[in-house]
$ cat structure03.csv   # CSV, C-alpha atoms
chain,number,residue,atom,x,y,z
R,1,MET,CA,-51.8,-27.9,142.7
R,2,ALA,CA,-55.0,-29.9,143.1
R,3,ASP,CA,-55.0,-33.7,143.1
R,4,LYS,CA,-54.6,-35.2,139.7
R,5,LYS,CA,-56.5,-37.9,138.0
R,6,THR,CA,-55.1,-40.4,135.5
R,7,MET,CA,-56.8,-41.2,132.1
R,8,THR,CA,-55.9,-43.1,128.9
R,9,VAL,CA,-56.0,-41.2,125.7
R,10,ASN,CA,-56.3,-42.9,122.3
R,11,LEU,CA,-54.4,-41.1,119.5
R,12,SER,CA,-53.7,-41.9,115.9
R,13,ASP,CA,-50.1,-42.3,114.7
R,14,ALA,CA,-50.2,-38.8,113.2
R,15,GLU,CA,-51.6,-37.3,116.4
R,16,MET,CA,-49.1,-39.1,118.5
R,17,ARG,CA,-46.3,-37.8,116.2
R,18,ALA,CA,-47.6,-34.3,116.5
R,19,LEU,CA,-47.8,-34.6,120.3
R,20,GLU,CA,-44.2,-35.9,120.5
R,21,GLU,CA,-43.0,-33.1,118.2
R,22,ILE,CA,-44.5,-30.5,120.4
R,23,CYS,CA,-43.0,-32.2,123.5
R,24,GLN,CA,-39.6,-32.0,121.9
R,25,GLN,CA,-39.9,-28.4,120.7
R,26,LYS,CA,-41.2,-27.1,124.0
R,27,ASP,CA,-39.2,-29.5,126.3
R,28,LEU,CA,-42.4,-30.6,128.0
R,29,SER,CA,-43.8,-34.0,128.9
R,30,LYS,CA,-47.0,-35.3,127.1
R,31,THR,CA,-49.0,-34.6,130.2
R,32,ALA,CA,-47.8,-31.0,130.3
R,33,VAL,CA,-48.6,-30.4,126.6
R,34,VAL,CA,-52.1,-31.8,127.0
R,35,ARG,CA,-52.6,-29.5,130.0
R,36,GLN,CA,-51.5,-26.6,127.9
R,37,ALA,CA,-53.8,-27.6,125.1
R,38,LEU,CA,-56.8,-27.9,127.4
R,39,ARG,CA,-56.1,-24.5,129.0
R,40,LEU,CA,-55.9,-22.9,125.6
R,41,TYR,CA,-59.0,-24.5,124.3
R,42,GLN,CA,-61.0,-23.6,127.4
R,43,LEU,CA,-59.8,-20.0,127.3
R,44,VAL,CA,-60.5,-19.5,123.6
R,45,ASN,CA,-63.9,-21.2,124.0
R,46,ALA,CA,-64.8,-18.9,126.9
R,47,ARG,CA,-63.7,-15.8,125.0
R,48,ILE,CA,-65.7,-16.8,121.9
R,49,ALA,CA,-68.8,-17.6,124.0
R,50,GLY,CA,-68.5,-14.1,125.5
R,51,GLY,CA,-68.6,-12.6,122.0
R,52,GLY,CA,-64.9,-12.4,121.3
R,53,LYS,CA,-63.1,-13.3,118.1
R,54,LEU,CA,-59.9,-15.1,117.6
R,55,PHE,CA,-57.2,-13.6,115.3
R,56,VAL,CA,-53.7,-14.6,114.4
R,57,GLU,CA,-51.4,-11.8,113.4
R,58,ASP,CA,-48.7,-12.3,110.9
R,59,GLY,CA,-45.3,-10.6,110.8
R,60,LYS,CA,-46.8,-7.7,108.9
R,61,LYS,CA,-49.3,-7.0,111.7
R,62,GLU,CA,-52.1,-8.2,109.4
R,63,LYS,CA,-54.8,-10.2,111.2
R,64,ALA,CA,-56.7,-13.2,110.0
R,65,GLU,CA,-59.8,-14.4,111.9
R,66,LEU,CA,-59.8,-18.1,112.9
R,67,MET,CA,-62.8,-20.2,113.3
R,68,VAL,CA,-62.8,-22.4,116.4
R,69,LEU,CA,-65.3,-25.1,116.9
O,1,MET,CA,-44.1,-24.5,149.5
O,2,ASN,CA,-46.8,-23.1,151.8
O,3,LYS,CA,-44.9,-20.3,153.6
O,4,ALA,CA,-43.8,-16.8,152.5
O,5,GLN,CA,-41.4,-14.5,154.3
O,6,LEU,CA,-42.3,-10.9,154.9
O,7,TRP,CA,-40.2,-8.1,156.4
O,8,GLU,CA,-41.9,-6.1,159.1
O,9,ARG,CA,-40.5,-2.6,158.6
O,10,GLN,CA,-41.2,-1.2,162.1
O,11,THR,CA,-39.6,-4.1,164.0
O,12,ASP,CA,-37.1,-5.0,161.2
O,13,GLN,CA,-38.1,-8.7,161.7
O,14,ILE,CA,-38.8,-11.4,159.2
O,15,VAL,CA,-42.2,-13.0,159.8
O,16,SER,CA,-43.5,-16.2,158.3
O,17,ALA,CA,-46.8,-15.8,156.5
O,18,GLU,CA,-49.1,-18.4,155.0
O,19,LEU,CA,-49.1,-18.9,151.3
O,20,LEU,CA,-52.5,-19.5,149.8
O,21,PRO,CA,-51.7,-21.5,146.7
O,22,GLU,CA,-55.0,-21.4,144.8
O,23,MET,CA,-57.6,-18.8,145.8
O,24,THR,CA,-61.1,-19.0,144.6
O,25,PRO,CA,-62.9,-15.8,143.2
O,26,GLU,CA,-64.8,-15.1,146.5
O,27,PRO,CA,-61.9,-14.4,148.8
O,28,VAL,CA,-60.1,-12.6,146.0
O,29,VAL,CA,-63.1,-10.2,145.6
O,30,GLN,CA,-63.3,-9.8,149.4
O,31,THR,CA,-59.7,-8.9,149.6
O,32,GLY,CA,-60.0,-6.4,146.8
O,33,GLU,CA,-62.9,-4.8,148.7
O,34,ARG,CA,-61.0,-4.5,152.0
O,35,TRP,CA,-58.0,-3.0,150.1
O,36,GLU,CA,-60.3,-0.5,148.4
O,37,MET,CA,-61.7,0.7,151.7
O,38,PHE,CA,-58.2,1.5,152.8
O,39,ARG,CA,-57.3,3.1,149.5
O,40,VAL,CA,-60.3,5.4,149.5
O,41,ARG,CA,-59.0,7.1,152.7
O,42,ALA,CA,-55.4,7.0,151.5
O,43,ARG,CA,-56.3,8.5,148.1
O,44,ALA,CA,-58.1,11.4,149.8
O,45,ARG,CA,-55.1,12.0,152.0
O,46,LEU,CA,-52.7,11.9,149.0
O,47,ARG,CA,-54.9,14.3,147.0
O,48,ARG,CA,-54.9,16.8,149.8
O,49,LYS,CA,-51.2,16.7,149.9
O,50,ARG,CA,-51.0,16.8,146.1
O,51,ALA,CA,-48.9,13.6,146.3
O,52,PRO,CA,-48.8,11.1,143.4
O,53,ILE,CA,-51.2,8.2,143.5
O,54,PRO,CA,-49.8,4.8,142.8
O,55,GLU,CA,-50.1,3.7,139.2
O,56,HIS,CA,-52.1,0.6,139.9
O,57,ASP,CA,-54.7,2.5,141.9
O,58,HIS,CA,-57.5,1.5,139.5
O,59,TRP,CA,-56.9,-2.2,139.7
O,60,ASP,CA,-60.1,-4.1,140.4
O,61,TRP,CA,-59.8,-7.6,141.7
O,62,ASP,CA,-63.5,-8.2,141.3
O,63,GLU,CA,-63.0,-7.8,137.5
O,64,LYS,CA,-59.7,-9.8,137.5
O,65,SER,CA,-61.3,-12.6,139.4
O,66,HIS,CA,-63.6,-13.5,136.5
O,67,ASP,CA,-60.8,-15.2,134.8
O,68,LEU,CA,-60.3,-17.6,137.7
O,69,LYS,CA,-63.0,-19.8,136.4
O,70,LEU,CA,-60.5,-20.8,133.6
O,71,THR,CA,-57.8,-23.3,134.2
O,72,ALA,CA,-55.3,-21.0,132.5
O,73,TYR,CA,-55.3,-18.6,135.5
O,74,ARG,CA,-54.5,-19.0,139.1
O,75,CYS,CA,-54.5,-16.5,142.0
O,76,LEU,CA,-52.2,-16.9,145.0
O,77,GLY,CA,-52.2,-15.0,148.2
O,78,ILE,CA,-50.0,-14.2,151.2
O,79,ARG,CA,-51.9,-14.1,154.5
O,80,TYR,CA,-50.6,-12.9,157.8
O,81,GLU,CA,-52.8,-12.5,160.9
O,82,ASP,CA,-56.0,-13.3,159.0
O,83,GLU,CA,-55.3,-10.5,156.5
O,84,VAL,CA,-54.3,-11.0,152.9
O,85,GLN,CA,-51.1,-9.0,152.5
O,86,GLY,CA,-50.5,-9.6,148.8
O,87,LEU,CA,-52.1,-11.2,145.7
O,88,MET,CA,-50.6,-12.5,142.5
O,89,MET,CA,-52.4,-13.7,139.4
O,90,ILE,CA,-50.5,-15.9,137.1
O,91,SER,CA,-51.2,-17.6,133.7
O,92,THR,CA,-50.2,-21.2,133.6
O,93,LEU,CA,-51.0,-21.1,129.9
O,94,ALA,CA,-47.4,-20.6,128.9
O,95,ILE,CA,-46.2,-17.8,126.8
O,96,GLU,CA,-43.2,-18.2,124.5
O,97,GLY,CA,-39.8,-17.2,125.9
O,98,ARG,CA,-38.1,-14.2,124.2
O,99,LEU,CA,-34.6,-14.4,125.7
O,100,PRO,CA,-32.2,-16.0,123.2
O,101,VAL,CA,-31.2,-18.6,125.8
O,102,HIS,CA,-34.7,-20.1,125.9
O,103,LYS,CA,-36.4,-18.5,122.8
O,104,GLY,CA,-39.7,-20.3,122.1
O,105,LYS,CA,-39.7,-22.3,125.3
O,106,PRO,CA,-42.7,-22.1,127.7
O,107,VAL,CA,-42.6,-19.3,130.3
O,108,LEU,CA,-45.0,-18.7,133.1
O,109,TYR,CA,-46.6,-15.3,132.9
O,110,VAL,CA,-47.2,-13.2,135.9
O,111,LYS,CA,-50.3,-11.1,135.2
O,112,TYR,CA,-50.6,-9.0,138.3
O,113,ILE,CA,-48.8,-8.7,141.6
O,114,GLU,CA,-50.2,-6.4,144.2
O,115,SER,CA,-49.4,-5.7,147.8
O,116,ALA,CA,-52.0,-4.7,150.3
O,117,PRO,CA,-52.2,-0.8,150.2
O,118,TRP,CA,-51.1,-0.6,153.9
O,119,ASN,CA,-47.8,-2.2,152.9
O,120,LEU,CA,-47.0,0.4,150.3
O,121,LYS,CA,-45.2,3.6,151.1
O,122,GLY,CA,-47.2,5.2,148.2
O,123,TYR,CA,-50.4,4.9,150.3
O,124,ALA,CA,-49.2,4.4,153.8
O,125,GLY,CA,-46.1,6.5,153.9
O,126,ALA,CA,-43.6,5.8,156.7
O,127,GLY,CA,-46.3,3.6,158.4
O,128,ALA,CA,-46.1,1.0,155.6
O,129,ARG,CA,-46.2,-2.4,157.4
O,130,PHE,CA,-44.6,-5.2,155.4
O,131,GLY,CA,-41.9,-5.3,152.7
O,132,GLY,CA,-41.0,-8.4,150.6
O,133,ILE,CA,-44.5,-8.7,149.1
O,134,GLY,CA,-42.9,-8.4,145.7
O,135,SER,CA,-40.2,-11.0,146.1
O,136,SER,CA,-42.2,-13.7,147.9
O,137,PRO,CA,-44.7,-14.0,145.0
O,138,ILE,CA,-41.8,-14.1,142.5
O,139,ARG,CA,-40.4,-17.0,144.4
O,140,THR,CA,-43.8,-18.7,144.3
O,141,ALA,CA,-44.2,-18.0,140.6
O,142,ILE,CA,-40.8,-19.7,140.0
O,143,ALA,CA,-42.0,-22.7,142.1
O,144,VAL,CA,-45.2,-23.0,140.0
O,145,SER,CA,-43.1,-22.6,136.8
O,146,LEU,CA,-41.0,-25.6,138.0
O,147,GLU,CA,-44.1,-27.6,138.8
O,148,GLU,CA,-45.5,-26.8,135.3
O,149,GLU,CA,-42.2,-28.0,133.7
O,150,PHE,CA,-41.2,-24.5,132.6
O,151,ARG,CA,-37.9,-24.9,134.5
O,152,GLY,CA,-38.4,-21.8,136.6
O,153,ARG,CA,-38.8,-19.4,133.6
O,154,ILE,CA,-41.1,-16.5,134.4
O,155,ALA,CA,-42.1,-13.2,132.7
O,156,LEU,CA,-44.1,-10.1,133.3
O,157,HIS,CA,-44.9,-6.6,132.1
O,158,SER,CA,-44.1,-4.0,134.7
O,159,LEU,CA,-45.7,-0.7,135.6
O,160,PRO,CA,-43.1,2.1,135.5
O,161,GLN,CA,-43.2,2.4,139.3
O,162,SER,CA,-42.0,-1.2,139.7
O,163,GLU,CA,-39.4,-1.3,136.9
O,164,PRO,CA,-36.4,-0.7,139.2
O,165,PHE,CA,-37.5,-3.6,141.4
O,166,TYR,CA,-37.9,-6.2,138.7
O,167,GLY,CA,-34.8,-4.8,136.9
O,168,ARG,CA,-32.8,-6.0,139.9
O,169,PHE,CA,-33.2,-9.7,139.2
O,170,MET,CA,-34.9,-10.1,135.8
O,171,GLU,CA,-33.8,-9.3,132.2
O,172,ASP,CA,-35.2,-6.1,130.8
O,173,LEU,CA,-36.3,-6.7,127.3
O,174,GLY,CA,-37.5,-3.2,126.7
O,175,ILE,CA,-40.8,-1.5,126.1
O,176,ASP,CA,-43.5,-3.8,124.6
O,177,LEU,CA,-45.5,-1.8,122.1
O,178,ASP,CA,-48.1,-4.5,122.0
O,179,VAL,CA,-48.9,-4.4,125.7
O,180,GLU,CA,-49.7,-0.9,126.8
O,181,GLU,CA,-46.2,0.2,126.1
O,182,LEU,CA,-45.1,-1.5,129.4
O,183,ARG,CA,-41.6,-2.7,130.0
O,184,TYR,CA,-41.2,-6.5,129.6
O,185,PHE,CA,-39.1,-8.6,131.9
O,186,GLU,CA,-38.1,-12.2,131.8
O,187,MET,CA,-36.2,-14.5,134.0
O,188,GLY,CA,-34.3,-17.6,132.7
O,189,GLU,CA,-33.8,-20.8,134.5
O,190,GLU,CA,-30.4,-20.0,135.8
O,191,ARG,CA,-31.4,-16.8,137.4
O,192,ALA,CA,-34.6,-18.3,138.7
O,193,LEU,CA,-32.7,-21.0,140.5
O,194,LYS,CA,-30.3,-18.5,142.0
O,195,PHE,CA,-33.3,-16.4,143.1
O,196,MET,CA,-34.8,-19.4,144.8
O,197,LYS,CA,-31.6,-20.1,146.7
O,198,GLY,CA,-31.0,-16.4,147.7
O,199,GLY,CA,-32.3,-14.9,150.9
O,200,ASP,CA,-33.5,-11.7,149.1
O,201,VAL,CA,-36.8,-10.6,150.6
$ encode --input "structure03.csv" --output "structure tokens"
Amino acid sequence: MADKKTMTVNLSDAEMRALEEICQQKDLSKTAVVRQALRLYQLVNARIAGGGKLFVEDGKKEKAELMVL
Amino acid sequence: MNKAQLWERQTDQIVSAELLPEMTPEPVVQTGERWEMFRVRARARLRRKRAPIPEHDHWDWDEKSHDLKLTAYRCLGIRYEDEVQGLMMISTLAIEGRLPVHKGKPVLYVKYIESAPWNLKGYAGAGARFGGIGSSPIRTAIAVSLEEEFRGRIALHSLPQSEPFYGRFMEDLGIDLDVEELRYFEMGEERALKFMKGGDV
């Protein structure tokens, strides 16, 4: 993997709790979760910019469109 | 990890090839073009003989390379004697594990693995040059999974022609109706570590 750069991130208590919760659920470090989040955001952003739409499917195979800013 | 082992069928020798850990779109497209030139001739020969054409014959690396501008995707190659012998595209945006032992945990997804057509018996017949193009990328995918903190877990959907190969070392979780009715395979951390230690090429 390419060289990495270090940065400081400022999060609220609630955001930090959310991050720690995901780290625990997924068994990943904070850095790994942030990387995943960035990849997902970039991917969704690119698909939407290309005219795509984002849907989430529930257990009944019904889809609901999500708005992503 | 910057080497991959290939088995040269004619000499029955293992050769050490160079692993290209992060290919940019341009060499991926060029590789696809070189492979297509070989495939055009091979396809014509197969049609004359009324022999089956490999299932991935329509794969277009030019189209696939568009996703490489995104950080979620990465393309790795195996090069020997200035020629790319195999390509693999992976998604480092994890998918959720389905095996009970790691359900919901992040798994590295292998989108495509392709060997150069001159290495495939389906195109080149008895003259196929290298084997091991399938297992070397799998080993690399496991290494990337470890690097990404996914503990070696990997997954893929297989074309029917490759099911027996992946079934040898991955868990078969059946046909996935949501993904072109392809069979879905997963490998957990224990099997991944065994695979890394094994000499299977």
$ residues_around --input "structure03.csv" --residues "range 61-70 of chain O" --least-positions-apart "3" --cutoff "12 Å" --atoms "all atoms listed in the file" --output "number ranges by chain"
R: 38-47; O: 22-36, 56-58, 73-76, 86-93, 111-114, 116
$ interface_residues --input "structure03.csv" --of "chain O" --to "chain R" --cutoff "8 Å" --atoms "only C-alpha atoms" --output "PDB file with C-alpha atoms, keeping the file's coordinate frame"
ATOM      1  CA  PRO O  21     -51.700 -21.500 146.700  1.00  0.00           C
ATOM      2  CA  GLU O  22     -55.000 -21.400 144.800  1.00  0.00           C
ATOM      3  CA  LEU O  70     -60.500 -20.800 133.600  1.00  0.00           C
ATOM      4  CA  THR O  71     -57.800 -23.300 134.200  1.00  0.00           C
ATOM      5  CA  ALA O  72     -55.300 -21.000 132.500  1.00  0.00           C
ATOM      6  CA  THR O  92     -50.200 -21.200 133.600  1.00  0.00           C
ATOM      7  CA  LEU O  93     -51.000 -21.100 129.900  1.00  0.00           C
ATOM      8  CA  ALA O  94     -47.400 -20.600 128.900  1.00  0.00           C
ATOM      9  CA  GLY O 104     -39.700 -20.300 122.100  1.00  0.00           C
ATOM     10  CA  LYS O 105     -39.700 -22.300 125.300  1.00  0.00           C
ATOM     11  CA  PRO O 106     -42.700 -22.100 127.700  1.00  0.00           C
ATOM     12  CA  GLU O 148     -45.500 -26.800 135.300  1.00  0.00           C
ATOM     13  CA  GLU O 149     -42.200 -28.000 133.700  1.00  0.00           C
ATOM     14  CA  PHE O 150     -41.200 -24.500 132.600  1.00  0.00           C
TER      15      PHE O 150
END
$ atom_distance --input "structure03.csv" --atom1 "CA of Val107 in chain O" --atom2 "CA of Arg153 in chain O"
5.0 Å
$ atom_distance --input "structure03.csv" --atom1 "CA of Val68 in chain R" --atom2 "CA of Lys53 in chain R"
9.3 Å
$ atom_distance --input "structure03.csv" --atom1 "CA of Gly97 in chain O" --atom2 "CA of Met196 in chain O"
19.7 Å
$ residues_around --input "structure03.csv" --residues "range 44-46 of chain O" --least-positions-apart "4" --cutoff "10 Å" --atoms "only C-alpha atoms" --output "JSON list (two decimals) with C-alpha atoms, keeping the file's coordinate frame"
[["chain", "number", "residue", "atom", "x", "y", "z"],
["O", 39, "ARG", "CA", -57.30, 3.10, 149.50],
["O", 40, "VAL", "CA", -60.30, 5.40, 149.50],
["O", 50, "ARG", "CA", -51.00, 16.80, 146.10],
["O", 51, "ALA", "CA", -48.90, 13.60, 146.30],
["O", 52, "PRO", "CA", -48.80, 11.10, 143.40],
["O", 53, "ILE", "CA", -51.20, 8.20, 143.50],
["O", 54, "PRO", "CA", -49.80, 4.80, 142.80],
["O", 122, "GLY", "CA", -47.20, 5.20, 148.20],
["O", 123, "TYR", "CA", -50.40, 4.90, 150.30],
["O", 124, "ALA", "CA", -49.20, 4.40, 153.80],
["O", 125, "GLY", "CA", -46.10, 6.50, 153.90]]
$ closest_residue --input "structure03.csv" --among "O:Glu147, O:Ile175, O:Phe130, O:Ala141" --to "Met187 in chain O" --atoms "only C-alpha atoms"
O:Ala141
$ residues_around --input "structure03.csv" --residues "Asp172 in chain O" --least-positions-apart "2" --cutoff "7 Å" --atoms "only C-alpha atoms" --output "JSON, numbers by chain"
{"O": [167, 170, 174, 184, 185, 186]}
